[in-house]
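Participant: Attaching a single structure in structure tokens format; questions to follow.
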Amino acid sequence: MKLKRQPGTGAKMGILFAAALLALVFGVGAGSVYVPPGDILAIVAGRFLGLPLPDHIPESFSVMVLDMRLPRVLLAFLTGAALSAGGGVMQSVLQNPLASPFGLGVSAGAGLGAALVIVFGLASAGIGTFLLPGLSLGFALGTVFLVLLLSARIDRGMSNVTIVLVGMVVSLFCNAVMTLLATASPEYAQRIQLWQLGSFSMREWSAVWALLPVTVVAFLYFLRYAGELDVMTFGEEQAVAMGVDLRRVKGRLLAAVAVLVGVAVAFVGIIGFVDLIIPHIARRLFGASHRRVLPASVLLGGTFLVLCDLAARTLTPPHEIPIGSITALLGAPFFLYLFFAGRREA
Amino acid sequence: MSEKTLLTVEQLSCGYGKTTVIHDLSFQVKAGERLCILGPNGCGKTTLLRALAGVLPCQGRVEADGLMLEGMSPKQRARKIALMSQFSQTAFDYTVYEAVMLGRYAHQSGFPFPVKTEADSKAVEEALRLTDAWELREQMVTKLSGGQLQRVFLAKTFAQSPKIILLDEPANHLDLRSQAELIESLQNWAAEGERCVAGVFHDISLALAFADTALLLDQGSALVCGPVEQLDFNLLDGLYGMDVRCYMKSLLGRWE
């Protein structure tokens with residue numbers, strides 16, 4: 001018998017790809033001033049291919065598209081892709097459809113790092129715009145490392161239950177320290193809170209260039225472990241008995257998830273629910289096989305965050321809604337629906 | 001008797017943390033044999049299986065198909081020994097065919113993606129037919145009944161093409177007919193080529209129906225290991241703290 005392919009996988013993936021492109025173009029075009037798709041294309045081609053700009057496009061459009069909207073939309077897409085891919089991998093490694101990379105302590109650590117920078121005003125010391133993301137990434141990775149270290153200490157097999165519990169405890173501790181910081185210096189409390197809800201505003205190309213390679217490399221790395229991830233969904237004992245070098249694979253994948261999600265969170269703050277619901281939808285559409293779920297998650301997650309960010313900046317002008325609250329508003333009910341719909345069938 | 005010895009366990013000890021569950025256990029399983037591992041709760045049956053499958057670290061010598069288990073890569077080991085766990089389940093939507101194909105993991109290689117060969121599809125089809133799960137191949141594993149799911153996990157174990165299959169309470173949660181079919185599939189599998197099965201059972205009647213040799217475990221040590229026909233029921237009585245034969249007869253008596 002020939003290997004059976006899921007019917008229409010290619011077509012479905014094509015539709016997702018087209019939707020992602022549409023969302024990107026629409027995301028760049030929409031806003032206080034509308035820029036038609038043709039003009040966007042001309043502007044982008046002008047910048048990257050050196051083609052002359054058509055006369056009817058004002059210079060201000062070009063600046064707005066290239067320096068404000070395009071990097072922002074790309075950053076939103078990459079963040080959505082990174083969070084979704086990380087979420088999908090995390091759920092399979094822990095065999096828990098409700099698991100999230102944030103459970104490893106990524107978000108709590110990043111939040112603590114960011115709060116330190118905000119409160120102690122390190123950013124104004126002139127060391128550069130990368131200090132806040134840099135320190136929050138450092139804290140995120142440090143926290144995950146601590147979680148894994150403690151898990152290994154408590155339980156040599158590093159079972160999933162241990163990791164989840166230790167991740168929760170360490171996260172709560174980091175959050176407590178952050179809350180303490182915010183209470184001790186109320187003048188910064190609002191900035192800390194806003195950072196936590198995430199935002200793509202004031203973002204520059206530098207953030208895109210930092211996140212792009214990390215996302216691409218991590219995605220390819222995850223894909224390379226697609227087979228192991230498939231096997232790991234059947235449980236730790238089964239994965240070992242089926243020939244997976246569990247400790248090593250698990251350690252590598254968790255580290256990769258931490259780096260990927262840590263970098264994303266460091267630039268844009270904590271954006272919840274994307275990592276939770278997008279892999280779910282991808283599995284509904286494509287089945288559980290990771291060779292399909294991972295690309296689908298990247299496309300879906302990127303598209304979803306571009307659209308959420310569009311809503312965040314256009315619904316209540318001139319104020320922006322924090323992106324994290326939009327994803328939570330949409331995500332929470334949707335998640336409940338997914339979960340309970342699945343339950344009722346079973 | 002010149003049957004090849006497939007599984008040799010010598011002075012095996014293992015446990016969790018500082019607690020040793022298995023003490024200096026030694027036994028052998030020959031090709032074609034079906035071994036049942038019996039003993040009361042907590043005597044180390046599941047621990048033994050987990051150690052043999054490489055899930056738990058252990059001390060001692062374990063030889064599978066003539067090769068030392070220690071020093072084997074996880075994939076090499078999985079090509080020799082497969083384990084069918086007690087509570088196999090999944091919350092992820094794989095089709096039955098995909099799930100059984102995952103059993104081939106240890107046989108696939110290639111970079112960046114492992115290549116599925118003709119041998120893989122053949123093994124999967126054979127496993128699905130042997131377990132009567134061929135008709136289910138396009139269904140989602142999350143939508144199956146308990147009995148169907150157990151058949152699929154058995155097919156996944158067969159597809160792994162091991163020499164030795166370890167079973168942990170394979171008949172749990174199965175209705176009578178599914179139990180009978182499971183036992184039959186396993187007996188048929190063990191009868192072909194150089195293969196053997198070692199299974200943990202709580203239902204002694206089922207164990208005796210399935211197996212031709214028995215290993216009686218008492219607090220992590222072998223009380224007896226030999227053909228089931230020679231099993232001394234007085235030993236069982238001591239082990240379980242009750243008159244086992246009398247109890248079994250009283251259970252069966254209701255059918256007369």
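Residues are referred to by chain and number: the chain letter is A, B, ... according to the order shown in the structure tokens, the number counts from 1 in that chain, and ligands are numbered separately from 1 in the order shown.
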So which bits of stretch 104-236 of chain B end up helix (DSSP H, G or I) when you DSSP the backbone, as number ranges by chain?

Facilitator: B: 105-107, 118-130, 134-136, 141-143, 146-159, 176-191, 204-210, 228-230, 233-236

Participant: Given only C-alpha atoms, how would the per-residue table for chain A near chain B read, listing every residue at most 10 Å away with its closest atom pair and distance in Å to one decimal, sorted by chain and number, as a Markdown table?

Facilitator:
| residue | atom | partner | partner_atom | distance |
| --- | --- | --- | --- | --- |
| A:Met1 | CA | B:Ser121 | CA | 6.7 |
| A:Lys2 | CA | B:Ser121 | CA | 7.5 |
| A:Leu3 | CA | B:Ser121 | CA | 7.0 |
| A:Lys4 | CA | B:Tyr97 | CA | 8.5 |
| A:Arg5 | CA | B:Glu98 | CA | 9.9 |
| A:Gln6 | CA | B:Thr95 | CA | 9.5 |
| A:Gln91 | CA | B:Phe92 | CA | 9.9 |
| A:Ser92 | CA | B:Phe92 | CA | 8.5 |
| A:Gln95 | CA | B:Ala91 | CA | 7.7 |
| A:Asn96 | CA | B:Ala91 | CA | 7.7 |
| A:Pro97 | CA | B:Ala91 | CA | 7.2 |
| A:Asp155 | CA | B:Gly17 | CA | 8.8 |
| A:Arg156 | CA | B:Gly17 | CA | 8.7 |
| A:Gly157 | CA | B:Leu56 | CA | 8.4 |
| A:Leu220 | CA | B:Pro112 | CA | 9.3 |
| A:Tyr221 | CA | B:Pro112 | CA | 9.3 |
| A:Leu223 | CA | B:Phe113 | CA | 8.2 |
| A:Arg224 | CA | B:Pro112 | CA | 5.5 |
| A:Tyr225 | CA | B:Phe113 | CA | 8.2 |
| A:Ala226 | CA | B:Phe113 | CA | 8.1 |
| A:Gly227 | CA | B:Tyr105 | CA | 7.3 |
| A:Glu228 | CA | B:Tyr105 | CA | 8.0 |
| A:Asp230 | CA | B:Leu102 | CA | 7.3 |
| A:Val231 | CA | B:Leu102 | CA | 6.2 |
| A:Met232 | CA | B:Thr90 | CA | 9.9 |
| A:Thr233 | CA | B:Thr90 | CA | 6.6 |
| A:Phe234 | CA | B:Thr90 | CA | 5.5 |
| A:Gly235 | CA | B:Thr90 | CA | 7.7 |
| A:Glu236 | CA | B:Val55 | CA | 8.5 |
| A:Glu237 | CA | B:Val55 | CA | 6.1 |
| A:Gln238 | CA | B:Ser85 | CA | 6.8 |
| A:Ala239 | CA | B:Val55 | CA | 9.1 |
| A:Val240 | CA | B:Val55 | CA | 6.0 |
| A:Ala241 | CA | B:Ala53 | CA | 5.5 |
| A:Met242 | CA | B:Ala78 | CA | 5.4 |
| A:Gly243 | CA | B:Lys75 | CA | 4.2 |
| A:Val244 | CA | B:Pro74 | CA | 6.0 |
| A:Asp245 | CA | B:Pro74 | CA | 5.7 |
| A:Leu246 | CA | B:Pro74 | CA | 8.8 |
| A:His280 | CA | B:Phe92 | CA | 9.6 |
| A:Arg283 | CA | B:Asp93 | CA | 7.0 |
| A:Arg284 | CA | B:Asp93 | CA | 7.9 |
| A:Phe286 | CA | B:Asp93 | CA | 9.1 |
| A:Gly287 | CA | B:Asp93 | CA | 5.4 |
| A:Ala288 | CA | B:Asp93 | CA | 4.9 |
| A:Ser289 | CA | B:Tyr94 | CA | 6.7 |
| A:Arg291 | CA | B:Phe113 | CA | 9.5 |
| A:Gly342 | CA | B:Thr142 | CA | 10.0 |
| A:Glu345 | CA | B:Lys143 | CA | 8.4 |
| A:Ala346 | CA | B:Lys143 | CA | 6.8 |

Participant: Write out as an MDAnalysis selection string the residues lying within 7 Å of A:Gly272, counting only C-alpha atoms and excluding same-chain residues fewer than 2 positions away.

Facilitator: chainID A and resid 270 274:275 324 327:328

Participant: Take the selection from the previous step and output its residues with C-alpha atoms, as a PDB file, in the first residue's frame.

Facilitator:
ATOM      1  CA  ILE A 270       3.639  38.758  27.026  1.00  0.00           C
ATOM      2  CA  VAL A 274      -1.797  32.349  20.779  1.00  0.00           C
ATOM      3  CA  ASP A 275       0.508  29.518  21.822  1.00  0.00           C
ATOM      4  CA  GLY A 324      -2.452  40.743  24.978  1.00  0.00           C
ATOM      5  CA  THR A 327      -5.763  37.748  22.139  1.00  0.00           C
ATOM      6  CA  ALA A 328      -7.159  36.877  25.573  1.00  0.00           C
TER       7      ALA A 328
END

Participant: Please report the interatomic distance between atom CA of A:Phe173 and atom CA of A:Gly80 in Å with one decimal.

Facilitator: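 A separation of 26.9 Å between them.
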